[in-house]
file run07.csv (CSV, C-alpha atoms and all ligand atoms)
chain,number,residue,atom,x,y,z
G,25,MET,CA,82.2,334.6,-121.1
G,26,LEU,CA,84.0,331.5,-122.2
G,27,ASP,CA,84.6,330.8,-125.8
G,28,VAL,CA,83.3,327.2,-125.7
G,29,VAL,CA,81.7,324.9,-123.2
G,30,ILE,CA,82.1,321.2,-124.1
G,31,VAL,CA,79.6,318.9,-122.4
G,32,GLY,CA,81.1,315.4,-122.2
G,33,GLY,CA,84.8,314.4,-121.7
G,34,GLY,CA,85.0,311.2,-123.8
G,35,PRO,CA,87.1,310.9,-126.9
G,36,ALA,CA,84.9,313.4,-128.8
G,37,GLY,CA,84.8,316.1,-126.2
G,38,LEU,CA,88.5,315.8,-125.3
G,39,SER,CA,89.6,315.8,-128.9
G,40,ALA,CA,87.6,319.0,-129.5
G,41,ALA,CA,89.1,320.5,-126.4
G,42,LEU,CA,92.7,319.7,-127.7
G,43,VAL,CA,92.1,321.4,-131.0
G,44,LEU,CA,90.3,324.4,-129.5
G,45,GLY,CA,93.0,324.8,-126.8
G,46,ARG,CA,95.6,324.9,-129.5
G,47,CYS,CA,93.6,327.6,-131.2
G,48,ARG,CA,94.1,329.6,-127.9
G,49,ARG,CA,90.4,329.4,-127.0
G,50,ARG,CA,89.1,329.5,-123.4
G,51,VAL,CA,87.3,326.2,-123.0
G,52,VAL,CA,85.6,324.3,-120.1
G,53,VAL,CA,84.9,320.6,-120.5
G,54,LEU,CA,82.2,319.4,-118.1
G,55,ASP,CA,82.1,315.6,-117.6
G,56,ALA,CA,79.8,313.4,-115.6
G,57,GLY,CA,82.4,310.6,-115.6
G,58,ARG,CA,80.2,307.8,-117.2
G,59,PRO,CA,82.0,306.9,-120.4
G,60,ARG,CA,80.0,304.5,-122.6
G,61,ASN,CA,82.8,301.9,-122.7
G,62,ALA,CA,83.4,301.8,-118.9
G,63,ALA,CA,82.7,298.0,-118.9
G,64,SER,CA,85.4,297.4,-121.5
G,65,HIS,CA,88.9,296.2,-120.7
G,66,ALA,CA,90.6,297.1,-123.9
G,67,LEU,CA,89.9,299.6,-126.6
G,68,HIS,CA,90.4,298.1,-130.1
G,69,GLY,CA,90.7,299.6,-133.5
G,70,PHE,CA,92.1,303.0,-132.4
G,71,LEU,CA,95.2,303.7,-134.4
G,72,THR,CA,98.3,303.6,-132.1
G,73,ARG,CA,96.2,302.6,-129.1
G,74,ASP,CA,94.9,299.1,-130.1
G,75,GLY,CA,94.4,297.2,-126.8
G,76,THR,CA,94.8,300.2,-124.5
G,77,PRO,CA,92.4,300.2,-121.4
G,78,PRO,CA,89.7,302.8,-122.3
G,79,LEU,CA,90.2,304.8,-119.1
G,80,GLU,CA,94.0,305.1,-119.9
G,81,LEU,CA,93.2,306.7,-123.2
G,82,LEU,CA,91.1,309.3,-121.3
G,83,THR,CA,93.9,309.9,-118.7
G,84,ILE,CA,96.5,310.5,-121.5
G,85,ALA,CA,94.1,312.8,-123.3
G,86,ARG,CA,93.4,314.8,-120.1
G,87,GLU,CA,97.2,315.1,-119.3
G,88,GLN,CA,97.9,316.4,-122.8
G,89,LEU,CA,95.4,319.2,-122.3
G,90,ARG,CA,97.5,320.7,-119.5
G,91,PRO,CA,99.4,323.3,-121.5
G,92,TYR,CA,96.2,324.9,-122.9
G,93,ALA,CA,93.5,327.2,-121.5
G,94,VAL,CA,91.2,324.2,-121.1
G,95,GLU,CA,89.6,323.6,-117.7
G,96,LEU,CA,88.3,320.1,-116.9
G,97,VAL,CA,85.4,320.0,-114.5
G,98,ASP,CA,83.8,316.9,-113.1
G,99,ALA,CA,80.1,317.9,-113.2
G,100,GLU,CA,76.9,317.0,-114.9
G,101,VAL,CA,75.1,319.6,-117.0
G,102,VAL,CA,71.4,319.4,-116.2
G,103,ALA,CA,70.1,322.2,-118.4
G,104,ALA,CA,71.2,324.3,-121.4
G,105,ARG,CA,69.6,327.3,-123.1
G,106,ARG,CA,70.4,330.2,-125.4
G,107,HIS,CA,71.2,333.2,-123.4
G,108,ASP,CA,69.4,336.5,-124.0
G,109,GLY,CA,72.7,338.4,-124.1
G,110,GLY,CA,74.1,336.1,-126.9
G,111,GLY,CA,75.7,332.7,-126.5
G,112,PHE,CA,74.6,330.0,-124.1
G,113,GLU,CA,74.0,329.3,-120.5
G,114,VAL,CA,74.5,325.8,-119.0
G,115,GLU,CA,73.4,324.8,-115.5
G,116,LEU,CA,75.4,322.2,-113.6
G,117,ASP,CA,74.1,319.7,-111.0
G,118,ASP,CA,75.3,321.9,-108.1
G,119,ALA,CA,73.1,324.7,-109.6
G,120,SER,CA,76.1,326.8,-110.7
G,121,ARG,CA,76.0,328.3,-114.2
G,122,LEU,CA,78.5,328.8,-117.0
G,123,PHE,CA,78.2,331.1,-120.0
G,124,ALA,CA,79.9,330.5,-123.4
G,125,ARG,CA,79.8,331.8,-126.9
G,126,ARG,CA,79.5,328.3,-128.4
G,127,LEU,CA,78.4,324.9,-127.2
G,128,LEU,CA,79.6,321.5,-128.1
G,129,LEU,CA,77.6,318.5,-126.9
G,130,ALA,CA,79.7,315.3,-126.8
G,131,THR,CA,77.5,313.4,-124.4
G,132,GLY,CA,77.6,309.9,-126.0
G,133,ILE,CA,74.8,307.4,-125.9
G,134,THR,CA,73.6,304.5,-123.7
G,135,ASP,CA,73.4,300.9,-124.7
G,136,ARG,CA,70.3,298.7,-124.2
G,137,LEU,CA,71.7,295.6,-122.5
G,138,PRO,CA,70.2,292.1,-122.5
G,139,GLU,CA,68.0,291.5,-119.6
G,140,VAL,CA,69.1,287.9,-119.1
G,141,GLU,CA,70.3,286.4,-115.9
G,142,GLY,CA,74.0,285.9,-115.8
G,143,PHE,CA,74.8,288.7,-118.4
G,144,ALA,CA,76.4,291.3,-116.0
G,145,PRO,CA,79.6,289.5,-115.1
G,146,LEU,CA,80.3,288.7,-118.8
G,147,TYR,CA,79.8,292.3,-120.1
G,148,GLY,CA,82.9,293.7,-121.6
G,149,ARG,CA,84.8,290.4,-121.2
G,150,SER,CA,83.0,287.8,-123.3
G,151,ALA,CA,79.7,289.7,-124.0
G,152,HIS,CA,80.0,292.6,-126.3
G,153,HIS,CA,77.8,294.8,-128.6
G,154,CYS,CA,80.3,295.6,-131.4
G,155,PRO,CA,82.1,293.0,-133.5
G,156,PHE,CA,84.2,295.7,-135.0
G,157,CYS,CA,85.5,296.4,-131.5
G,158,ASP,CA,85.8,292.8,-130.1
G,159,GLY,CA,85.2,290.4,-132.9
G,160,TRP,CA,88.9,289.7,-133.5
G,161,GLU,CA,89.4,288.4,-130.0
G,162,ALA,CA,86.4,286.0,-130.5
G,163,ARG,CA,87.5,284.8,-133.9
G,164,ASP,CA,86.8,281.2,-134.9
G,165,ARG,CA,85.0,280.5,-131.6
G,166,PRO,CA,81.4,279.4,-131.1
G,167,LEU,CA,79.5,282.7,-131.0
G,168,VAL,CA,75.9,283.6,-130.0
G,169,ALA,CA,74.2,286.7,-131.5
G,170,TYR,CA,71.6,287.9,-129.1
G,171,ALA,CA,69.2,290.1,-131.1
G,172,ARG,CA,65.5,290.7,-131.0
G,173,ASP,CA,64.8,293.5,-133.5
G,174,PRO,CA,64.2,293.5,-137.3
G,175,GLY,CA,68.0,293.9,-137.8
G,176,ALA,CA,68.7,290.6,-135.9
G,177,ALA,CA,69.3,288.5,-139.0
G,178,ASP,CA,71.7,291.0,-140.6
G,179,PHE,CA,73.6,291.3,-137.3
G,180,ALA,CA,74.0,287.5,-137.0
G,181,LEU,CA,75.2,287.3,-140.6
G,182,LEU,CA,77.7,290.0,-140.0
G,183,LEU,CA,79.2,287.9,-137.2
G,184,THR,CA,80.1,285.1,-139.7
G,185,SER,CA,83.0,287.4,-140.8
G,186,TRP,CA,84.6,286.4,-137.5
G,187,SER,CA,83.4,282.8,-137.0
G,188,ARG,CA,81.6,280.2,-139.1
G,189,ASP,CA,79.9,278.9,-135.9
G,190,VAL,CA,77.2,281.5,-135.1
G,191,LEU,CA,73.9,280.9,-133.3
G,192,LEU,CA,71.2,283.6,-133.4
G,193,CYS,CA,69.0,283.7,-130.3
G,194,THR,CA,65.9,285.9,-130.6
G,195,ASP,CA,64.7,285.0,-127.0
G,196,GLY,CA,61.1,284.5,-127.9
G,197,ARG,CA,60.8,286.8,-131.0
G,198,PRO,CA,59.7,285.1,-134.3
G,199,LEU,CA,61.7,285.6,-137.4
G,200,ALA,CA,60.4,286.7,-140.8
G,201,PRO,CA,60.4,283.9,-143.4
G,202,ASP,CA,62.9,285.6,-145.7
G,203,ASP,CA,65.2,286.1,-142.7
G,204,GLU,CA,65.1,282.4,-142.1
G,205,ALA,CA,66.2,281.7,-145.7
G,206,ARG,CA,69.0,284.3,-145.5
G,207,LEU,CA,70.3,282.9,-142.2
G,208,ALA,CA,70.2,279.3,-143.6
G,209,ALA,CA,72.1,280.5,-146.7
G,210,GLY,CA,74.7,282.2,-144.5
G,211,GLY,CA,75.2,279.1,-142.3
G,212,VAL,CA,73.7,280.7,-139.1
G,213,ALA,CA,71.8,278.4,-136.7
G,214,VAL,CA,68.7,279.9,-135.1
G,215,ARG,CA,66.9,279.5,-131.7
G,216,THR,CA,63.8,281.7,-131.3
G,217,ASP,CA,62.7,280.1,-128.0
G,218,PRO,CA,63.2,282.0,-124.7
G,219,VAL,CA,66.6,282.1,-123.0
G,220,ALA,CA,66.7,281.3,-119.3
G,221,ARG,CA,70.2,282.4,-118.4
G,222,LEU,CA,73.9,282.7,-119.5
G,223,GLU,CA,76.4,280.7,-117.6
G,224,GLY,CA,80.1,281.3,-117.4
G,225,HIS,CA,83.2,281.5,-115.2
G,226,ARG,CA,85.3,284.6,-114.3
G,227,GLY,CA,83.8,286.6,-117.1
G,228,GLN,CA,84.1,283.8,-119.7
G,229,LEU,CA,80.8,282.7,-121.3
G,230,GLU,CA,80.4,279.0,-121.3
G,231,ARG,CA,76.8,278.2,-122.3
G,232,VAL,CA,73.4,279.6,-123.1
G,233,VAL,CA,70.7,277.8,-121.1
G,234,PHE,CA,67.2,277.9,-122.7
G,235,ALA,CA,63.9,278.0,-120.8
G,236,ARG,CA,63.0,274.5,-122.0
G,237,GLY,CA,66.0,273.2,-120.1
G,238,ASP,CA,68.7,272.4,-122.7
G,239,ALA,CA,72.0,274.4,-123.1
G,240,VAL,CA,74.3,275.2,-126.0
G,241,ALA,CA,78.1,275.8,-125.4
G,242,ARG,CA,79.3,279.3,-126.6
G,243,ARG,CA,82.5,281.3,-126.0
G,244,ALA,CA,81.3,284.8,-126.8
G,245,LEU,CA,78.1,286.7,-127.1
G,246,PHE,CA,77.4,289.8,-129.2
G,247,PHE,CA,74.1,291.6,-128.6
G,248,HIS,CA,72.2,294.0,-130.9
G,249,LEU,CA,69.4,295.8,-128.9
G,250,GLY,CA,69.7,299.4,-130.0
G,251,THR,CA,70.9,302.5,-128.1
G,252,GLY,CA,69.3,305.3,-126.1
G,253,SER,CA,70.3,308.9,-125.4
G,254,THR,CA,72.2,310.1,-122.3
G,255,GLY,CA,69.9,313.1,-121.8
G,256,ASP,CA,67.9,315.7,-123.5
G,257,LEU,CA,70.2,318.7,-123.7
G,258,ALA,CA,70.1,318.8,-127.5
G,259,ALA,CA,66.3,318.8,-127.5
G,260,GLN,CA,66.3,321.5,-124.8
G,261,LEU,CA,68.3,323.7,-127.2
G,262,GLY,CA,65.9,322.9,-130.0
G,263,CYS,CA,68.3,320.8,-132.1
G,264,ARG,CA,66.6,318.4,-134.6
G,265,CYS,CA,67.0,314.9,-133.3
G,266,ASP,CA,65.2,311.5,-133.3
G,267,ASP,CA,65.6,308.1,-131.7
G,268,ALA,CA,67.1,306.4,-134.7
G,269,ALA,CA,69.6,308.9,-135.9
G,270,GLY,CA,70.3,310.8,-132.6
G,271,VAL,CA,71.0,314.5,-133.1
G,272,HIS,CA,71.0,315.5,-136.7
G,273,THR,CA,74.3,317.1,-137.7
G,274,GLY,CA,75.9,318.4,-140.9
G,275,ALA,CA,79.2,317.8,-142.5
G,276,ARG,CA,81.0,319.8,-139.9
G,277,GLU,CA,79.1,318.4,-136.9
G,278,GLU,CA,76.9,321.5,-136.7
G,279,THR,CA,73.3,321.0,-135.6
G,280,SER,CA,70.1,322.7,-136.8
G,281,GLU,CA,70.7,325.4,-134.0
G,282,PRO,CA,73.3,328.0,-134.8
G,283,GLY,CA,76.1,328.0,-132.2
G,284,VAL,CA,75.5,324.3,-131.2
G,285,TRP,CA,77.6,321.4,-132.4
G,286,VAL,CA,77.3,317.7,-131.6
G,287,ALA,CA,80.2,315.3,-131.9
G,288,GLY,CA,80.8,311.6,-131.2
G,289,ASP,CA,78.3,308.8,-130.6
G,290,ALA,CA,75.5,311.3,-129.8
G,291,SER,CA,75.0,311.9,-133.5
G,292,LYS,CA,75.0,308.1,-134.1
G,293,ASP,CA,77.3,307.9,-137.1
G,294,VAL,CA,79.9,305.1,-136.9
G,295,LEU,CA,80.0,304.3,-133.2
G,296,LEU,CA,83.8,303.9,-132.7
G,297,ALA,CA,86.1,305.9,-130.4
G,298,ILE,CA,88.4,307.0,-133.2
G,299,VAL,CA,85.4,308.3,-135.2
G,300,ALA,CA,84.2,310.2,-132.1
G,301,ALA,CA,87.6,311.8,-131.7
G,302,ALA,CA,87.7,312.7,-135.4
G,303,GLU,CA,84.2,314.3,-135.1
G,304,GLY,CA,85.3,316.3,-132.1
G,305,ALA,CA,88.3,317.6,-134.0
G,306,ARG,CA,86.1,318.5,-137.0
G,307,ALA,CA,83.6,320.3,-134.8
G,308,ALA,CA,86.4,322.2,-133.1
G,309,VAL,CA,87.8,323.5,-136.4
G,310,ASP,CA,84.3,324.7,-137.4
G,311,ILE,CA,83.7,326.3,-134.0
G,312,HIS,CA,87.0,328.2,-134.1
G,313,ARG,CA,86.3,329.4,-137.6
G,314,SER,CA,82.8,330.7,-136.6
G,315,LEU,CA,84.4,332.6,-133.7
G,316,VAL,CA,87.0,334.2,-135.9
G,317,ARG,CA,84.2,335.3,-138.3
G,318,GLU,CA,82.2,336.8,-135.4
G,319,GLU,CA,85.2,338.6,-134.0
G,320,LEU,CA,86.0,340.2,-137.4
G,321,GLU,CA,82.4,341.2,-137.9
G,322,ALA,CA,82.4,342.9,-134.4
G,323,ARG,CA,85.5,344.9,-135.4
G,324,LEU,CA,84.0,345.9,-138.7
G,325,THR,CA,80.8,347.1,-137.1
G,326,ALA,CA,82.3,348.7,-134.0
G,327,PRO,CA,81.8,352.5,-133.9
G,328,ARG,CA,85.0,354.3,-134.9
G,329,GLY,CA,86.4,357.3,-132.9
G,330,PRO,CA,86.3,360.8,-134.4
G,331,PRO,CA,88.8,361.4,-137.2
G,332,ARG,CA,92.1,362.8,-135.9
G,333,GLY,CA,93.4,366.3,-136.7
B,401,LIG,C1,81.5,297.9,-123.9
B,401,LIG,C2,82.0,298.8,-125.0
B,401,LIG,C3,83.2,298.5,-125.6
B,401,LIG,C4,83.6,299.4,-126.7
B,401,LIG,N1,84.8,299.1,-127.3
B,401,LIG,C5,85.2,299.9,-128.3
B,401,LIG,C6,86.4,299.6,-128.9
B,401,LIG,O1,87.1,298.6,-128.6
B,401,LIG,N2,86.8,300.4,-129.9
B,401,LIG,C7,86.1,301.5,-130.3
B,401,LIG,O2,86.5,302.2,-131.1
B,401,LIG,N3,85.0,301.8,-129.6
B,401,LIG,C8,84.5,301.0,-128.7
B,401,LIG,N4,83.3,301.3,-128.1
B,401,LIG,C9,82.6,302.5,-128.5
B,401,LIG,C10,83.2,303.7,-127.8
B,401,LIG,O3,83.1,303.6,-126.4
B,401,LIG,C11,82.4,305.0,-128.2
B,401,LIG,O4,82.4,305.1,-129.6
B,401,LIG,C12,83.1,306.2,-127.7
B,401,LIG,O5,83.3,306.2,-126.3
B,401,LIG,C13,82.3,307.5,-128.0
B,401,LIG,O6,82.9,308.6,-127.5
B,401,LIG,P1,82.0,309.9,-127.1
B,401,LIG,O7,83.0,310.9,-126.6
B,401,LIG,O8,81.1,310.2,-128.1
B,401,LIG,O9,81.1,309.4,-125.8
B,401,LIG,P2,81.6,308.7,-124.4
B,401,LIG,O10,82.9,308.1,-124.5
B,401,LIG,O11,80.4,308.0,-124.0
B,401,LIG,O12,81.7,310.0,-123.5
B,401,LIG,C14,80.6,310.8,-123.2
B,401,LIG,C15,80.9,311.5,-121.9
B,401,LIG,O13,79.9,312.5,-121.7
B,401,LIG,C16,79.5,312.5,-120.3
B,401,LIG,N5,78.1,313.1,-120.3
B,401,LIG,C17,77.0,312.7,-120.8
B,401,LIG,N6,76.0,313.5,-120.5
B,401,LIG,C18,76.5,314.5,-119.7
B,401,LIG,C19,76.0,315.7,-119.1
B,401,LIG,N7,74.7,316.0,-119.2
B,401,LIG,N8,76.9,316.5,-118.4
B,401,LIG,C20,78.2,316.2,-118.3
B,401,LIG,N9,78.7,315.1,-118.9
B,401,LIG,C21,77.9,314.3,-119.6
B,401,LIG,C22,79.5,311.0,-120.0
B,401,LIG,O14,79.4,310.8,-118.6
B,401,LIG,C23,80.7,310.5,-120.7
B,401,LIG,O15,81.8,310.7,-119.8
B,401,LIG,C24,82.8,300.5,-127.0
B,401,LIG,C25,81.6,300.7,-126.4
B,401,LIG,C26,81.2,299.9,-125.4
B,401,LIG,C27,79.8,300.2,-124.7
call {"tool": "encode", "arguments": {"input": "run07.csv", "output": "structure tokens", "more": "lines below"}}
Ligand SMILES: Cc1cc2nc3c(=O)[nH]c(=O)nc-3n(C[C@H](O)[C@H](O)[C@H](O)COP(=O)(O)OP(=O)(O)OC[C@H]3O[C@@H](n4cnc5c(N)ncnc54)[C@H](O)[C@@H]3O)c2cc1C
result
Amino acid sequence: MLDVVIVGGGPAGLSAALVLGRCRRRVVVLDAGRPRNAASHALHGFLTRDGTPPLELLTIAREQLRPYAVELVDAEVVAARRHDGGGFEVELDDASRLFARRLLLATGITDRLPEVEGFAPLYGRSAHHCPFCDGWEARDRPLVAYARDPGAADFALLLTSWSRDVLLCTDGRPLAPDDEARLAAGGVAVRTDPVARLEGHRGQLERVVFARGDAVARRALFFHLGTGSTGDLAAQLGCRCDDAAGVHTGAREETSEPGVWVAGDASKDVLLAIVAAAEGARAAVDIHRSLVREELEARLTAPRGPPRG
């Protein structure tokens, strides 16, 4: 039986694998190869890696795992359950199974994207979800906040840290009267009428075209439409989770189910790669400690041989 199976080979899963590998644990990382930021061209805000292509970060991480007893497998986990004999059983998409004493889910999340004509070629270039990741590159430019939920006004106001020229588009959703007042105070322009399409050239947004026929010139779009889950493995295992907060985790990334940890975006804390990596490391330390405790307990309770002499 393996010490740990890690589901997900993004910053969270690979960071956990590095720490566990260095603790001399036998680890398998299973990864479906669909990182959340695949559309992005540069990872920002990651200490020592600001501006690195996201896939390059993963390649370096995978290379640096080579000295350790960590196996990287390209596979999707379709089911996970507690095993009768102790530990956990995970089922892969080719129907094979792995058994491990501990399980770390680092499966990330999915983003709800604007369903607006013209969005796809702009995504990751001049259309982004996170101003902390890509706001600096769009600073002082005419921005559009595309947001349709109750947090729309706060999101648009946040963008004014990067540019004084922000237009909030709610694409047909009305605003609450107190939001209108707050947006006016913050200097944010508002359009609540439906958007027809986004127009741009070679990934660069040029204008937002409204259904009534007029267009407004903009250089970058930030959207705020919420996130979804990448699967239901945590729920299959009985971990407490909900749509808003993701999987509930404690201070050491442990879940409500003993033996199961969740790190990275899946627990919906701060959704940045460096935070995901830190959570992976924190989970790994706790997992290793729990294994050490279990090994000591097994030694203490093991039947002793007959006394000598
Ligand atoms: C367009 C975009 C740009 C971004 N830019 C930045 C940025 O500049 N700076 C920054 O800090 N953050 C950025 N982020 C956020 C960053 O991508 C995430 O915070 C980070 O990737 C989270 O890491 P993670 O390991 O939790 O999840 P992920 O990186 O999403 O990795 C999860 C992995 O688990 C795999 N997986 C899921 N389910 C299964 C399964 N059942 N079996 C096997 N494998 C599975 C997935 O295929 C994926 O490879 C950006 C996000 C997006 C969408």
call {"tool": "closest_residue", "arguments": {"input": "run07.csv", "among": "G:Phe123, G:Phe143, G:Phe234, G:Phe247", "to": "Ala177 (chain G)", "atoms": "all atoms listed in the file"}}
result
G:Phe247
call {"tool": "residues_around", "arguments": {"input": "run07.csv", "residues": "Gly75 (chain G)", "least_positions_apart": "6", "cutoff": "12 Å", "atoms": "all atoms listed in the file", "output": "number ranges by chain"}}
result
G: 64-69, 81, 157-158, 160-161
call {"tool": "closest_atom_pairs", "arguments": {"input": "run07.csv", "of": "chain G", "to": "ligand LIG 401 (chain B)", "cutoff": "7 Å", "atoms": "all atoms listed in the file", "output": "JSON lines"}}
result
{"residue": "G:Val31", "atom": "CA", "partner": "B:LIG401", "partner_atom": "C20", "distance": 5.1}
{"residue": "G:Gly32", "atom": "CA", "partner": "B:LIG401", "partner_atom": "O13", "distance": 3.2}
{"residue": "G:Gly33", "atom": "CA", "partner": "B:LIG401", "partner_atom": "C15", "distance": 4.9}
{"residue": "G:Gly34", "atom": "CA", "partner": "B:LIG401", "partner_atom": "O7", "distance": 3.5}
{"residue": "G:Pro35", "atom": "CA", "partner": "B:LIG401", "partner_atom": "O7", "distance": 4.1}
{"residue": "G:Ala36", "atom": "CA", "partner": "B:LIG401", "partner_atom": "O7", "distance": 3.8}
{"residue": "G:Gly37", "atom": "CA", "partner": "B:LIG401", "partner_atom": "O7", "distance": 5.5}
{"residue": "G:Leu54", "atom": "CA", "partner": "B:LIG401", "partner_atom": "C20", "distance": 5.1}
{"residue": "G:Asp55", "atom": "CA", "partner": "B:LIG401", "partner_atom": "N9", "distance": 3.7}
{"residue": "G:Ala56", "atom": "CA", "partner": "B:LIG401", "partner_atom": "N9", "distance": 3.9}
{"residue": "G:Gly57", "atom": "CA", "partner": "B:LIG401", "partner_atom": "O15", "distance": 4.2}
{"residue": "G:Arg58", "atom": "CA", "partner": "B:LIG401", "partner_atom": "O14", "distance": 3.4}
{"residue": "G:Pro59", "atom": "CA", "partner": "B:LIG401", "partner_atom": "C23", "distance": 3.8}
{"residue": "G:Arg60", "atom": "CA", "partner": "B:LIG401", "partner_atom": "O11", "distance": 3.8}
{"residue": "G:Asn61", "atom": "CA", "partner": "B:LIG401", "partner_atom": "C26", "distance": 3.7}
{"residue": "G:Ala62", "atom": "CA", "partner": "B:LIG401", "partner_atom": "C1", "distance": 6.6}
{"residue": "G:Ala63", "atom": "CA", "partner": "B:LIG401", "partner_atom": "C1", "distance": 5.1}
{"residue": "G:Ser64", "atom": "CA", "partner": "B:LIG401", "partner_atom": "C1", "distance": 4.6}
{"residue": "G:Ala66", "atom": "CA", "partner": "B:LIG401", "partner_atom": "O1", "distance": 6.0}
{"residue": "G:Leu67", "atom": "CA", "partner": "B:LIG401", "partner_atom": "O1", "distance": 3.6}
{"residue": "G:His68", "atom": "CA", "partner": "B:LIG401", "partner_atom": "O1", "distance": 3.7}
{"residue": "G:Gly69", "atom": "CA", "partner": "B:LIG401", "partner_atom": "N2", "distance": 5.4}
{"residue": "G:Phe70", "atom": "CA", "partner": "B:LIG401", "partner_atom": "O2", "distance": 5.8}
{"residue": "G:Ala99", "atom": "CA", "partner": "B:LIG401", "partner_atom": "C20", "distance": 5.7}
{"residue": "G:Glu100", "atom": "CA", "partner": "B:LIG401", "partner_atom": "N8", "distance": 3.5}
{"residue": "G:Val101", "atom": "CA", "partner": "B:LIG401", "partner_atom": "N8", "distance": 3.8}
{"residue": "G:Val102", "atom": "CA", "partner": "B:LIG401", "partner_atom": "N7", "distance": 5.6}
{"residue": "G:Ala130", "atom": "CA", "partner": "B:LIG401", "partner_atom": "O8", "distance": 5.4}
{"residue": "G:Thr131", "atom": "CA", "partner": "B:LIG401", "partner_atom": "C17", "distance": 3.7}
{"residue": "G:Gly132", "atom": "CA", "partner": "B:LIG401", "partner_atom": "O9", "distance": 3.5}
{"residue": "G:Ile133", "atom": "CA", "partner": "B:LIG401", "partner_atom": "O11", "distance": 5.9}
{"residue": "G:Asp135", "atom": "CA", "partner": "B:LIG401", "partner_atom": "C27", "distance": 6.4}
{"residue": "G:Tyr147", "atom": "CA", "partner": "B:LIG401", "partner_atom": "C1", "distance": 7.0}
{"residue": "G:Gly148", "atom": "CA", "partner": "B:LIG401", "partner_atom": "C1", "distance": 5.0}
{"residue": "G:His152", "atom": "CA", "partner": "B:LIG401", "partner_atom": "C1", "distance": 6.0}
{"residue": "G:His153", "atom": "CA", "partner": "B:LIG401", "partner_atom": "C1", "distance": 6.7}
{"residue": "G:Cys154", "atom": "CA", "partner": "B:LIG401", "partner_atom": "C4", "distance": 6.9}
{"residue": "G:Cys157", "atom": "CA", "partner": "B:LIG401", "partner_atom": "O1", "distance": 4.0}
{"residue": "G:Asp158", "atom": "CA", "partner": "B:LIG401", "partner_atom": "O1", "distance": 6.1}
{"residue": "G:Thr254", "atom": "CA", "partner": "B:LIG401", "partner_atom": "N6", "distance": 5.4}
{"residue": "G:Gly255", "atom": "CA", "partner": "B:LIG401", "partner_atom": "N7", "distance": 6.2}
{"residue": "G:Leu257", "atom": "CA", "partner": "B:LIG401", "partner_atom": "N7", "distance": 6.9}
{"residue": "G:Ala287", "atom": "CA", "partner": "B:LIG401", "partner_atom": "O8", "distance": 6.4}
{"residue": "G:Gly288", "atom": "CA", "partner": "B:LIG401", "partner_atom": "O8", "distance": 3.4}
{"residue": "G:Asp289", "atom": "CA", "partner": "B:LIG401", "partner_atom": "O8", "distance": 4.0}
{"residue": "G:Ala290", "atom": "CA", "partner": "B:LIG401", "partner_atom": "O8", "distance": 6.0}
{"residue": "G:Leu295", "atom": "CA", "partner": "B:LIG401", "partner_atom": "O4", "distance": 4.4}
{"residue": "G:Leu296", "atom": "CA", "partner": "B:LIG401", "partner_atom": "O2", "distance": 3.6}
{"residue": "G:Ala297", "atom": "CA", "partner": "B:LIG401", "partner_atom": "O2", "distance": 3.8}
{"residue": "G:Ile298", "atom": "CA", "partner": "B:LIG401", "partner_atom": "O2", "distance": 5.6}
{"residue": "G:Ala300", "atom": "CA", "partner": "B:LIG401", "partner_atom": "O6", "distance": 5.0}
{"residue": "G:Ala301", "atom": "CA", "partner": "B:LIG401", "partner_atom": "O7", "distance": 6.9}
call {"tool": "write_last_selection", "arguments": {"input": "run07.csv", "atoms": "C-alpha atoms", "output": "compact mmCIF listing (two decimals), keeping the file's coordinate frame"}}
result
# COMPACT_ATOMS: atom_id res chain seq x y z
CA VAL G 31 79.60 318.90 -122.40
CA GLY G 32 81.10 315.40 -122.20
CA GLY G 33 84.80 314.40 -121.70
CA GLY G 34 85.00 311.20 -123.80
CA PRO G 35 87.10 310.90 -126.90
CA ALA G 36 84.90 313.40 -128.80
CA GLY G 37 84.80 316.10 -126.20
CA LEU G 54 82.20 319.40 -118.10
CA ASP G 55 82.10 315.60 -117.60
CA ALA G 56 79.80 313.40 -115.60
CA GLY G 57 82.40 310.60 -115.60
CA ARG G 58 80.20 307.80 -117.20
CA PRO G 59 82.00 306.90 -120.40
CA ARG G 60 80.00 304.50 -122.60
CA ASN G 61 82.80 301.90 -122.70
CA ALA G 62 83.40 301.80 -118.90
CA ALA G 63 82.70 298.00 -118.90
CA SER G 64 85.40 297.40 -121.50
CA ALA G 66 90.60 297.10 -123.90
CA LEU G 67 89.90 299.60 -126.60
CA HIS G 68 90.40 298.10 -130.10
CA GLY G 69 90.70 299.60 -133.50
CA PHE G 70 92.10 303.00 -132.40
CA ALA G 99 80.10 317.90 -113.20
CA GLU G 100 76.90 317.00 -114.90
CA VAL G 101 75.10 319.60 -117.00
CA VAL G 102 71.40 319.40 -116.20
CA ALA G 130 79.70 315.30 -126.80
CA THR G 131 77.50 313.40 -124.40
CA GLY G 132 77.60 309.90 -126.00
CA ILE G 133 74.80 307.40 -125.90
CA ASP G 135 73.40 300.90 -124.70
CA TYR G 147 79.80 292.30 -120.10
CA GLY G 148 82.90 293.70 -121.60
CA HIS G 152 80.00 292.60 -126.30
CA HIS G 153 77.80 294.80 -128.60
CA CYS G 154 80.30 295.60 -131.40
CA CYS G 157 85.50 296.40 -131.50
CA ASP G 158 85.80 292.80 -130.10
CA THR G 254 72.20 310.10 -122.30
CA GLY G 255 69.90 313.10 -121.80
CA LEU G 257 70.20 318.70 -123.70
CA ALA G 287 80.20 315.30 -131.90
CA GLY G 288 80.80 311.60 -131.20
CA ASP G 289 78.30 308.80 -130.60
CA ALA G 290 75.50 311.30 -129.80
CA LEU G 295 80.00 304.30 -133.20
CA LEU G 296 83.80 303.90 -132.70
CA ALA G 297 86.10 305.90 -130.40
CA ILE G 298 88.40 307.00 -133.20
CA ALA G 300 84.20 310.20 -132.10
CA ALA G 301 87.60 311.80 -131.70
